[in-house]
file model33.txt (compact mmCIF, C-alpha atoms)
# COMPACT_ATOMS: atom_id res chain seq x y z
CA MET A 1 -102.32 -163.87 -26.62
CA SER A 2 -103.39 -166.27 -29.38
CA ASP A 3 -105.21 -164.95 -32.46
CA VAL A 4 -108.38 -166.84 -31.44
CA ALA A 5 -108.37 -165.18 -28.00
CA ALA A 6 -107.60 -161.80 -29.63
CA ILE A 7 -110.65 -162.11 -31.94
CA LYS A 8 -112.88 -163.01 -28.97
CA GLN A 9 -111.56 -159.96 -27.10
CA LEU A 10 -112.17 -157.77 -30.19
CA VAL A 11 -115.81 -158.97 -30.32
CA GLU A 12 -116.36 -158.03 -26.64
CA LYS A 13 -114.65 -154.65 -26.94
CA THR A 14 -116.58 -153.80 -30.12
CA LYS A 15 -119.86 -154.50 -28.28
CA LEU A 16 -118.74 -152.15 -25.47
CA LEU A 17 -117.70 -149.57 -28.06
CA LYS A 18 -121.12 -149.62 -29.77
CA LYS A 19 -122.82 -149.35 -26.36
CA GLU A 20 -120.79 -146.22 -25.53
CA ILE A 21 -121.48 -144.66 -28.96
CA SER A 22 -125.24 -145.34 -28.55
CA LYS A 23 -125.24 -143.08 -25.45
CA ILE A 24 -124.80 -140.12 -27.83
CA ILE A 25 -125.79 -141.39 -31.29
CA VAL A 26 -129.36 -142.63 -31.59
CA GLY A 27 -129.95 -145.15 -34.41
CA GLN A 28 -127.63 -144.96 -37.47
CA HIS A 29 -126.49 -148.54 -36.70
CA ASP A 30 -125.23 -149.21 -40.24
CA ALA A 31 -123.25 -145.96 -40.35
CA VAL A 32 -121.65 -146.67 -36.95
CA ASN A 33 -120.84 -150.22 -38.04
CA PHE A 34 -119.13 -149.14 -41.28
CA VAL A 35 -117.16 -146.34 -39.58
CA LEU A 36 -115.84 -148.88 -37.03
CA LEU A 37 -115.01 -151.35 -39.82
CA SER A 38 -112.99 -148.65 -41.61
CA VAL A 39 -111.15 -147.90 -38.33
CA PHE A 40 -110.25 -151.58 -37.82
CA CYS A 41 -109.12 -151.84 -41.47
CA GLY A 42 -107.14 -148.58 -41.35
CA GLY A 43 -109.26 -147.06 -44.15
CA HIS A 44 -110.93 -143.69 -44.73
CA SER A 45 -114.67 -143.06 -45.03
CA LEU A 46 -116.92 -140.60 -46.82
CA LEU A 47 -120.14 -139.80 -44.91
CA ILE A 48 -122.98 -138.57 -47.11
CA GLY A 49 -126.16 -137.11 -45.66
CA VAL A 50 -128.33 -134.00 -45.46
CA PRO A 51 -127.54 -131.42 -42.75
CA GLY A 52 -128.52 -132.27 -39.19
CA LEU A 53 -128.04 -136.05 -39.28
CA ALA A 54 -125.22 -135.92 -36.68
CA LYS A 55 -122.36 -136.66 -39.09
CA THR A 56 -119.95 -134.45 -37.13
CA LEU A 57 -121.23 -135.74 -33.79
CA LEU A 58 -120.78 -139.34 -34.95
CA VAL A 59 -117.12 -138.76 -35.87
CA GLN A 60 -116.45 -136.85 -32.62
CA THR A 61 -118.07 -139.63 -30.54
CA VAL A 62 -116.14 -142.39 -32.33
CA SER A 63 -112.84 -140.56 -31.71
CA ASP A 64 -113.71 -140.10 -28.00
CA THR A 65 -114.58 -143.78 -27.51
CA LEU A 66 -111.39 -144.83 -29.33
CA GLY A 67 -109.22 -142.48 -27.27
CA LEU A 68 -107.88 -140.74 -30.39
CA ASN A 69 -106.97 -137.11 -31.12
CA PHE A 70 -109.64 -135.42 -33.22
CA LYS A 71 -109.49 -132.31 -35.42
CA ARG A 72 -112.25 -130.83 -37.52
CA ILE A 73 -111.45 -128.90 -40.70
CA GLN A 74 -114.31 -126.92 -42.23
CA PHE A 75 -113.70 -126.97 -45.98
CA THR A 76 -114.44 -123.67 -47.72
CA PRO A 77 -113.67 -122.26 -51.20
CA ASP A 78 -110.79 -120.13 -49.81
CA LEU A 79 -109.09 -122.93 -47.83
CA MET A 80 -105.43 -123.31 -48.84
CA PRO A 81 -103.25 -126.46 -48.62
CA SER A 82 -101.12 -124.75 -45.92
CA ASP A 83 -104.29 -124.32 -43.78
CA ILE A 84 -104.45 -128.12 -43.59
CA LEU A 85 -100.81 -129.23 -43.70
CA GLY A 86 -99.13 -126.38 -41.82
CA SER A 87 -96.48 -123.93 -42.97
CA GLU A 88 -92.95 -122.71 -42.31
CA ILE A 89 -92.53 -119.37 -40.54
CA LEU A 90 -89.49 -117.28 -39.60
CA ASP A 91 -88.87 -117.48 -35.85
CA GLU A 92 -87.13 -114.82 -33.71
CA ASN A 93 -83.70 -116.34 -34.61
CA ARG A 94 -84.50 -115.82 -38.31
CA LYS A 95 -84.70 -119.57 -38.87
CA PHE A 96 -87.59 -121.34 -40.58
CA THR A 97 -89.75 -123.35 -38.18
CA PHE A 98 -92.50 -125.72 -39.29
CA ILE A 99 -95.84 -125.11 -37.58
CA LYS A 100 -97.96 -128.25 -37.86
CA GLY A 101 -101.45 -127.93 -39.33
CA PRO A 102 -104.62 -129.76 -38.18
CA ILE A 103 -103.75 -132.79 -40.40
CA PHE A 104 -101.38 -133.91 -37.59
CA SER A 105 -104.05 -135.74 -35.66
CA ASN A 106 -105.44 -139.31 -35.49
CA ILE A 107 -108.94 -138.59 -36.83
CA ILE A 108 -109.57 -135.75 -39.26
CA LEU A 109 -113.13 -134.68 -39.94
CA ALA A 110 -113.01 -133.08 -43.41
CA ASP A 111 -116.34 -131.27 -43.22
CA GLU A 112 -118.01 -130.67 -46.61
CA ILE A 113 -114.92 -131.79 -48.53
CA ASN A 114 -116.53 -130.90 -51.90
CA ARG A 115 -116.61 -127.18 -50.99
CA THR A 116 -112.86 -126.68 -51.42
CA PRO A 117 -110.86 -126.34 -54.69
CA PRO A 118 -108.95 -129.31 -56.22
CA LYS A 119 -105.54 -128.00 -55.06
CA THR A 120 -106.57 -128.29 -51.40
CA GLN A 121 -108.34 -131.60 -52.00
CA ALA A 122 -105.09 -132.92 -53.52
CA ALA A 123 -103.10 -131.90 -50.42
CA LEU A 124 -105.44 -134.01 -48.31
CA LEU A 125 -105.13 -136.85 -50.85
CA GLU A 126 -101.36 -137.21 -50.30
CA ALA A 127 -101.87 -137.42 -46.55
CA MET A 128 -104.61 -140.05 -47.00
CA GLN A 129 -102.57 -142.19 -49.36
CA GLU A 130 -99.01 -141.82 -48.05
CA ARG A 131 -99.74 -141.16 -44.33
CA SER A 132 -97.22 -138.33 -44.69
CA VAL A 133 -97.08 -134.75 -45.98
CA THR A 134 -94.49 -132.69 -47.89
CA VAL A 135 -94.14 -129.00 -47.02
CA ALA A 136 -91.40 -126.77 -48.53
CA GLY A 137 -89.50 -129.85 -49.68
CA HIS A 138 -89.49 -131.49 -46.23
CA HIS A 139 -91.21 -134.80 -45.56
CA TYR A 140 -93.22 -135.27 -42.35
CA LYS A 141 -94.69 -138.60 -41.22
CA LEU A 142 -98.19 -138.57 -39.71
CA GLU A 143 -98.82 -140.31 -36.40
CA LEU A 144 -100.65 -143.64 -36.74
CA PRO A 145 -103.48 -144.52 -36.63
CA PHE A 146 -104.61 -141.87 -39.11
CA TYR A 147 -108.11 -141.65 -40.58
CA VAL A 148 -109.89 -139.11 -42.73
CA LEU A 149 -113.65 -139.15 -42.25
CA ALA A 150 -115.02 -136.70 -44.80
CA THR A 151 -118.59 -135.44 -45.03
CA GLN A 152 -120.52 -134.40 -48.10
CA ASN A 153 -123.93 -132.81 -48.42
CA PRO A 154 -125.94 -134.42 -51.28
CA ILE A 155 -128.14 -131.35 -51.77
CA GLU A 156 -127.18 -127.82 -52.85
CA GLN A 157 -124.36 -128.60 -55.29
CA GLU A 158 -123.87 -125.02 -56.51
CA GLY A 159 -120.36 -123.70 -55.93
CA THR A 160 -118.95 -127.14 -55.11
CA TYR A 161 -115.96 -129.00 -56.53
CA PRO A 162 -117.06 -132.65 -56.89
CA LEU A 163 -114.36 -135.10 -55.86
CA PRO A 164 -112.68 -136.70 -58.91
CA GLU A 165 -113.04 -140.49 -59.26
CA ALA A 166 -109.34 -141.02 -58.42
CA GLN A 167 -109.83 -139.25 -55.10
CA LEU A 168 -113.13 -140.98 -54.32
CA ASP A 169 -111.32 -144.28 -54.85
CA ARG A 170 -109.04 -143.44 -51.87
CA PHE A 171 -112.05 -143.74 -49.54
CA MET A 172 -112.65 -147.28 -48.39
CA PHE A 173 -116.35 -146.73 -47.64
CA SER A 174 -119.01 -144.34 -48.85
CA ILE A 175 -121.58 -144.31 -46.03
CA ASN A 176 -125.08 -142.92 -46.49
CA LEU A 177 -126.75 -141.57 -43.34
CA GLU A 178 -130.52 -141.91 -43.44
CA TYR A 179 -133.22 -139.88 -41.68
CA PRO A 180 -134.04 -141.29 -38.21
CA THR A 181 -137.29 -143.19 -37.61
CA PHE A 182 -140.09 -141.37 -35.74
CA GLU A 183 -139.16 -143.10 -32.44
CA GLU A 184 -135.44 -142.33 -32.90
CA GLU A 185 -136.18 -138.67 -33.65
CA VAL A 186 -138.33 -138.39 -30.51
CA GLU A 187 -135.40 -139.79 -28.49
CA VAL A 188 -132.92 -137.39 -30.17
CA VAL A 189 -135.12 -134.39 -29.34
CA LYS A 190 -135.52 -135.51 -25.69
CA ASN A 191 -131.77 -136.08 -25.31
CA THR A 192 -130.69 -132.79 -26.87
CA THR A 193 -133.15 -130.36 -25.30
CA SER A 194 -132.53 -131.07 -21.61
CA VAL A 195 -129.71 -130.07 -19.23
CA GLU A 196 -128.34 -133.62 -18.93
CA THR A 197 -125.32 -134.43 -21.07
CA GLN A 198 -123.96 -137.91 -21.65
CA GLN A 199 -120.25 -138.66 -21.26
CA VAL A 200 -118.61 -141.51 -23.14
CA ASN A 201 -115.69 -143.62 -21.93
CA SER A 202 -112.63 -144.50 -23.97
CA ILE A 203 -112.73 -148.25 -24.77
CA PHE A 204 -109.61 -148.70 -26.92
CA SER A 205 -106.05 -147.40 -26.67
CA ILE A 206 -103.95 -146.46 -29.73
CA ASP A 207 -101.86 -149.64 -29.34
CA GLU A 208 -105.01 -151.79 -29.21
CA ILE A 209 -106.35 -150.21 -32.43
CA LEU A 210 -103.03 -150.84 -34.24
CA ALA A 211 -103.00 -154.43 -32.88
CA ALA A 212 -106.59 -154.96 -34.14
CA GLN A 213 -105.54 -153.76 -37.62
CA GLN A 214 -102.66 -156.28 -37.65
CA LEU A 215 -104.96 -159.06 -36.36
CA ILE A 216 -107.49 -158.45 -39.16
CA ARG A 217 -104.78 -158.60 -41.83
CA LYS A 218 -103.64 -161.99 -40.44
CA ILE A 219 -107.12 -163.57 -40.81
CA PRO A 220 -107.04 -166.30 -43.50
CA VAL A 221 -109.46 -166.15 -46.45
CA ALA A 222 -110.61 -169.09 -48.58
CA ASP A 223 -109.83 -168.87 -52.32
CA ASN A 224 -113.52 -169.08 -53.26
CA VAL A 225 -114.25 -165.94 -51.16
CA VAL A 226 -111.42 -163.98 -52.85
CA GLU A 227 -112.66 -165.17 -56.26
CA TYR A 228 -116.22 -164.12 -55.37
CA ALA A 229 -115.04 -160.60 -54.39
CA VAL A 230 -112.95 -160.19 -57.58
CA SER A 231 -115.79 -161.58 -59.71
CA LEU A 232 -118.22 -159.11 -58.09
CA VAL A 233 -115.94 -156.19 -58.94
CA SER A 234 -115.42 -157.49 -62.50
CA LYS A 235 -119.20 -157.57 -63.01
CA THR A 236 -119.38 -153.79 -62.38
CA ARG A 237 -117.27 -153.13 -65.52
CA PRO A 238 -119.54 -152.81 -68.59
CA ASN A 239 -116.82 -153.95 -71.04
CA ASN A 240 -116.07 -157.11 -69.04
CA LYS A 241 -117.41 -160.43 -70.31
CA LYS A 242 -118.87 -161.15 -66.83
CA ALA A 243 -121.03 -157.98 -66.94
CA THR A 244 -124.80 -158.50 -67.18
CA GLU A 245 -127.04 -156.70 -69.69
CA PHE A 246 -128.27 -154.52 -66.80
CA ILE A 247 -124.70 -153.32 -66.11
CA LYS A 248 -123.97 -152.76 -69.82
CA ASN A 249 -127.15 -150.68 -70.11
CA TYR A 250 -126.72 -148.46 -67.06
CA VAL A 251 -123.02 -148.21 -66.12
CA ASN A 252 -120.31 -146.02 -67.66
CA TRP A 253 -117.37 -147.12 -65.51
CA GLY A 254 -116.90 -149.97 -63.07
CA ALA A 255 -114.76 -150.34 -59.95
CA GLY A 256 -110.97 -150.85 -60.06
CA PRO A 257 -108.72 -153.38 -58.27
CA ARG A 258 -108.65 -151.30 -55.07
CA ALA A 259 -112.34 -152.22 -54.63
CA SER A 260 -111.43 -155.95 -54.62
CA GLN A 261 -108.71 -155.35 -52.00
CA ASN A 262 -111.10 -153.33 -49.82
CA LEU A 263 -113.89 -155.93 -50.15
CA ILE A 264 -111.62 -158.64 -48.74
CA LEU A 265 -110.16 -156.44 -46.00
CA ALA A 266 -113.62 -155.23 -44.91
CA ALA A 267 -115.02 -158.80 -45.08
CA LYS A 268 -112.20 -159.91 -42.74
CA ALA A 269 -113.07 -157.10 -40.29
CA HIS A 270 -116.80 -157.86 -40.57
CA ALA A 271 -116.13 -161.54 -39.82
CA ALA A 272 -113.82 -160.70 -36.88
CA ILE A 273 -116.23 -158.35 -35.05
CA ASN A 274 -118.94 -161.01 -35.45
CA GLY A 275 -116.73 -163.68 -33.85
CA LYS A 276 -115.82 -165.58 -37.04
CA PHE A 277 -112.25 -166.71 -37.69
CA SER A 278 -112.48 -166.47 -41.49
CA PRO A 279 -114.82 -164.45 -43.75
CA ASP A 280 -117.35 -166.10 -46.06
CA ILE A 281 -119.32 -164.83 -49.06
CA GLU A 282 -122.00 -163.36 -46.75
CA ASP A 283 -119.36 -161.08 -45.18
CA VAL A 284 -118.38 -159.83 -48.65
CA LYS A 285 -122.04 -159.12 -49.47
CA ALA A 286 -122.51 -157.27 -46.16
CA VAL A 287 -119.85 -154.68 -47.08
CA ALA A 288 -120.33 -154.55 -50.88
CA ILE A 289 -122.68 -151.54 -51.22
CA PRO A 290 -120.64 -148.96 -49.22
CA ILE A 291 -117.41 -150.15 -50.88
CA LEU A 292 -118.67 -150.15 -54.46
CA SER A 293 -121.22 -147.31 -54.50
CA HIS A 294 -118.67 -144.49 -55.01
CA ARG A 295 -116.59 -146.51 -57.47
CA VAL A 296 -119.33 -147.28 -60.01
CA VAL A 297 -120.31 -144.45 -62.37
CA LYS A 298 -123.81 -144.74 -63.85
CA ASN A 299 -124.68 -143.33 -67.28
CA TYR A 300 -127.26 -140.78 -68.42
CA LYS A 301 -129.78 -143.58 -69.16
CA ALA A 302 -129.70 -144.74 -65.50
CA GLU A 303 -130.01 -141.08 -64.46
CA ALA A 304 -133.03 -140.56 -66.75
CA GLU A 305 -134.77 -143.72 -65.55
CA GLY A 306 -134.10 -142.97 -61.87
CA ILE A 307 -131.97 -146.07 -61.27
CA SER A 308 -129.77 -145.71 -58.20
CA ILE A 309 -126.24 -147.01 -57.67
CA SER A 310 -127.56 -149.24 -54.84
CA GLN A 311 -129.99 -150.90 -57.30
CA ILE A 312 -127.13 -151.44 -59.76
CA ILE A 313 -124.92 -153.10 -57.10
CA THR A 314 -127.80 -155.16 -55.68
CA SER A 315 -128.46 -156.51 -59.18
CA ILE A 316 -125.04 -158.24 -59.22
CA LEU A 317 -124.91 -159.44 -55.61

call {"tool": "encode", "arguments": {"input": "model33.txt", "output": "structure tokens"}}
result
Amino acid sequence: MSDVAAIKQLVEKTKLLKKEISKIIVGQHDAVNFVLLSVFCGGHSLLIGVPGLAKTLLVQTVSDTLGLNFKRIQFTPDLMPSDILGSEILDENRKFTFIKGPIFSNIILADEINRTPPKTQAALLEAMQERSVTVAGHHYKLELPFYVLATQNPIEQEGTYPLPEAQLDRFMFSINLEYPTFEEEVEVVKNTTSVETQQVNSIFSIDEILAAQQLIRKIPVADNVVEYAVSLVSKTRPNNKKATEFIKNYVNWGAGPRASQNLILAAKAHAAINGKFSPDIEDVKAVAIPILSHRVVKNYKAEAEGISISQIITSIL
């Protein structure tokens, strides 16, 4: 199949995918879109929202429609690295046998990732970055595709371990889930308080997902689009000569080079699922906020004046 035909097929299958997801998930179109983009790019996502916005249900539904194995890990203060990765035990022949942990799955839902200590967060970090884990000196490869979709609750921060910037940077997208509209909430209540349950069909196979990832990487990008993405990231750094007065006033730290890489990769995926054969500047703008929002650190002045990260990023778009 030619690349042009493959992109057309990807567009059709993505439409079917969104239709299946909408059987269970009402609204949240942006969140669904960004989760699918991260899947097609092979990246991880952080879902941020108050309790009850169907973060877990969204991840479960996406994994069902993609035909992937799904495991949920509830992060708690007493969770140990071995609870995620697995551990070696003595079998009846007095030999050590490795028992795989829940990390050996295609989609991992790391629920409330900021509730667990840094040691356990770091164990997840290796798996996210290397697509492999090391237990008792032995190296184990994870099955591809492998995604971590982590959730975080923006309220009630007592007793939490905020993710360090280096770990946040490993997430391709930071996706904010908003409250539903009145009409959407009415529909949610009707759907969830009756005996009828919706079933979703699997639209993709594992091989098709891996092929889509390869296809997106092959998409050509014009130099001016790459330069726009890199320039955008440079403008988030207050000590850079491209930074505006607004950035210098309100930002402590800007985004690193991984943000530029992710902007281009996500722009390629955004172009592909919209039937374009090469991304343009509009595609970069469409993915900029969820890619940059967790990589830009605002200062106390922005905090005091109530200026949000979204406002900061919008100011440079």

call {"tool": "atom_distance", "arguments": {"input": "model33.txt", "atom1": "atom CA of A:Ile155", "atom2": "atom CA of A:Asp30"}}
result
21.5 Å

call {"tool": "residues_around", "arguments": {"input": "model33.txt", "residues": "A:Leu149", "least_positions_apart": "5", "cutoff": "7 Å", "atoms": "all atoms listed in the file", "output": "ChimeraX atom specification"}}
result
/A:44-46,108-110

call {"tool": "closest_residue", "arguments": {"input": "model33.txt", "among": "A:Ser278, A:Asn176, A:Asn224, A:Ser293", "to": "A:Asn153", "atoms": "all atoms listed in the file"}}
result
A:Asn176

call {"tool": "closest_residue", "arguments": {"input": "model33.txt", "among": "A:Ile264, A:Leu47, A:Ala304, A:Val148", "to": "A:Phe104", "atoms": "all atoms listed in the file"}}
result
A:Val148

call {"tool": "residues_around", "arguments": {"input": "model33.txt", "residues": "A:Ser315", "least_positions_apart": "2", "cutoff": "12 Å", "atoms": "all atoms listed in the file", "output": "PyMOL selection string"}}
result
chain A and resi 232+235-236+243-247+250+285+288-289+307-313+317

call {"tool": "closest_residue", "arguments": {"input": "model33.txt", "among": "A:Ile99, A:Glu208, A:Ile316, A:Phe277", "to": "A:Val221", "atoms": "all atoms listed in the file"}}
result
A:Phe277

call {"tool": "closest_residue", "arguments": {"input": "model33.txt", "among": "A:Leu79, A:Ile291, A:Leu90, A:Ile281", "to": "A:Arg115", "atoms": "only C-alpha atoms"}}
result
A:Leu79

call {"tool": "residues_near_point", "arguments": {"input": "model33.txt", "point": "(-106.8, -135.3, -33.7)", "cutoff": "12 Å", "atoms": "all atoms listed in the file", "output": "PyMOL selection string"}}
result
chain A and resi 59-60+62-64+66-73+101-110+142-149

call {"tool": "write_last_selection", "arguments": {"input": "model33.txt", "atoms": "C-alpha atoms", "output": "CSV table (one decimal), in the coordinates of the input"}}
result
chain,number,residue,atom,x,y,z
A,59,VAL,CA,-117.1,-138.8,-35.9
A,60,GLN,CA,-116.4,-136.8,-32.6
A,62,VAL,CA,-116.1,-142.4,-32.3
A,63,SER,CA,-112.8,-140.6,-31.7
A,64,ASP,CA,-113.7,-140.1,-28.0
A,66,LEU,CA,-111.4,-144.8,-29.3
A,67,GLY,CA,-109.2,-142.5,-27.3
A,68,LEU,CA,-107.9,-140.7,-30.4
A,69,ASN,CA,-107.0,-137.1,-31.1
A,70,PHE,CA,-109.6,-135.4,-33.2
A,71,LYS,CA,-109.5,-132.3,-35.4
A,72,ARG,CA,-112.2,-130.8,-37.5
A,73,ILE,CA,-111.4,-128.9,-40.7
A,101,GLY,CA,-101.4,-127.9,-39.3
A,102,PRO,CA,-104.6,-129.8,-38.2
A,103,ILE,CA,-103.8,-132.8,-40.4
A,104,PHE,CA,-101.4,-133.9,-37.6
A,105,SER,CA,-104.0,-135.7,-35.7
A,106,ASN,CA,-105.4,-139.3,-35.5
A,107,ILE,CA,-108.9,-138.6,-36.8
A,108,ILE,CA,-109.6,-135.8,-39.3
A,109,LEU,CA,-113.1,-134.7,-39.9
A,110,ALA,CA,-113.0,-133.1,-43.4
A,142,LEU,CA,-98.2,-138.6,-39.7
A,143,GLU,CA,-98.8,-140.3,-36.4
A,144,LEU,CA,-100.6,-143.6,-36.7
A,145,PRO,CA,-103.5,-144.5,-36.6
A,146,PHE,CA,-104.6,-141.9,-39.1
A,147,TYR,CA,-108.1,-141.6,-40.6
A,148,VAL,CA,-109.9,-139.1,-42.7
A,149,LEU,CA,-113.6,-139.2,-42.2

call {"tool": "residues_around", "arguments": {"input": "model33.txt", "residues": "A:Ile24", "least_positions_apart": "4", "cutoff": "9 Å", "atoms": "only C-alpha atoms", "output": "list in words"}}
result
Glu20, Leu57, Leu58, Thr61, Val188, Asn191, Thr197, Gln198, Gln199 and Val200 of chain A

call {"tool": "atom_distance", "arguments": {"input": "model33.txt", "atom1": "atom CA of A:Ile48", "atom2": "atom CA of A:Ala229"}}
result
24.5 Å

call {"tool": "build_atoms", "arguments": {"input": "model33.txt", "residues": "stretch 41-56 of chain A", "atoms": "N, CA and C atoms", "output": "PDB file, in the coordinates of the input"}}
result
ATOM      1  N   CYS A  41    -109.859-151.514 -40.235  1.00  0.00           N
ATOM      2  CA  CYS A  41    -109.120-151.840 -41.470  1.00  0.00           C
ATOM      3  C   CYS A  41    -108.048-150.797 -41.771  1.00  0.00           C
ATOM      4  N   GLY A  42    -108.090-149.663 -41.057  1.00  0.00           N
ATOM      5  CA  GLY A  42    -107.140-148.580 -41.350  1.00  0.00           C
ATOM      6  C   GLY A  42    -107.510-147.788 -42.581  1.00  0.00           C
ATOM      7  N   GLY A  43    -108.807-147.768 -42.943  1.00  0.00           N
ATOM      8  CA  GLY A  43    -109.260-147.060 -44.150  1.00  0.00           C
ATOM      9  C   GLY A  43    -109.949-145.751 -43.832  1.00  0.00           C
ATOM     10  N   HIS A  44    -110.232-144.983 -44.885  1.00  0.00           N
ATOM     11  CA  HIS A  44    -110.930-143.690 -44.730  1.00  0.00           C
ATOM     12  C   HIS A  44    -112.380-143.843 -45.178  1.00  0.00           C
ATOM     13  N   SER A  45    -113.244-142.971 -44.676  1.00  0.00           N
ATOM     14  CA  SER A  45    -114.670-143.060 -45.030  1.00  0.00           C
ATOM     15  C   SER A  45    -115.229-141.715 -45.459  1.00  0.00           C
ATOM     16  N   LEU A  46    -116.193-141.784 -46.371  1.00  0.00           N
ATOM     17  CA  LEU A  46    -116.920-140.600 -46.820  1.00  0.00           C
ATOM     18  C   LEU A  46    -118.347-140.735 -46.297  1.00  0.00           C
ATOM     19  N   LEU A  47    -118.791-139.760 -45.495  1.00  0.00           N
ATOM     20  CA  LEU A  47    -120.140-139.800 -44.910  1.00  0.00           C
ATOM     21  C   LEU A  47    -121.029-138.847 -45.703  1.00  0.00           C
ATOM     22  N   ILE A  48    -122.099-139.385 -46.274  1.00  0.00           N
ATOM     23  CA  ILE A  48    -122.980-138.570 -47.110  1.00  0.00           C
ATOM     24  C   ILE A  48    -124.360-138.484 -46.459  1.00  0.00           C
ATOM     25  N   GLY A  49    -124.837-137.273 -46.262  1.00  0.00           N
ATOM     26  CA  GLY A  49    -126.160-137.110 -45.660  1.00  0.00           C
ATOM     27  C   GLY A  49    -126.545-135.651 -45.604  1.00  0.00           C
ATOM     28  N   VAL A  50    -127.841-135.386 -45.520  1.00  0.00           N
ATOM     29  CA  VAL A  50    -128.330-134.000 -45.460  1.00  0.00           C
ATOM     30  C   VAL A  50    -127.915-133.386 -44.129  1.00  0.00           C
ATOM     31  N   PRO A  51    -127.943-132.050 -44.017  1.00  0.00           N
ATOM     32  CA  PRO A  51    -127.540-131.420 -42.750  1.00  0.00           C
ATOM     33  C   PRO A  51    -128.406-131.878 -41.579  1.00  0.00           C
ATOM     34  N   GLY A  52    -127.779-131.963 -40.402  1.00  0.00           N
ATOM     35  CA  GLY A  52    -128.520-132.270 -39.190  1.00  0.00           C
ATOM     36  C   GLY A  52    -128.666-133.736 -38.853  1.00  0.00           C
ATOM     37  N   LEU A  53    -127.935-134.612 -39.579  1.00  0.00           N
ATOM     38  CA  LEU A  53    -128.040-136.050 -39.280  1.00  0.00           C
ATOM     39  C   LEU A  53    -126.922-136.534 -38.361  1.00  0.00           C
ATOM     40  N   ALA A  54    -126.252-135.611 -37.691  1.00  0.00           N
ATOM     41  CA  ALA A  54    -125.220-135.920 -36.680  1.00  0.00           C
ATOM     42  C   ALA A  54    -123.963-136.550 -37.265  1.00  0.00           C
ATOM     43  N   LYS A  55    -123.593-136.132 -38.483  1.00  0.00           N
ATOM     44  CA  LYS A  55    -122.360-136.660 -39.090  1.00  0.00           C
ATOM     45  C   LYS A  55    -121.141-136.254 -38.250  1.00  0.00           C
ATOM     46  N   THR A  56    -121.083-134.959 -37.920  1.00  0.00           N
ATOM     47  CA  THR A  56    -119.950-134.450 -37.130  1.00  0.00           C
ATOM     48  C   THR A  56    -119.939-135.082 -35.748  1.00  0.00           C
TER      49      THR A  56
END
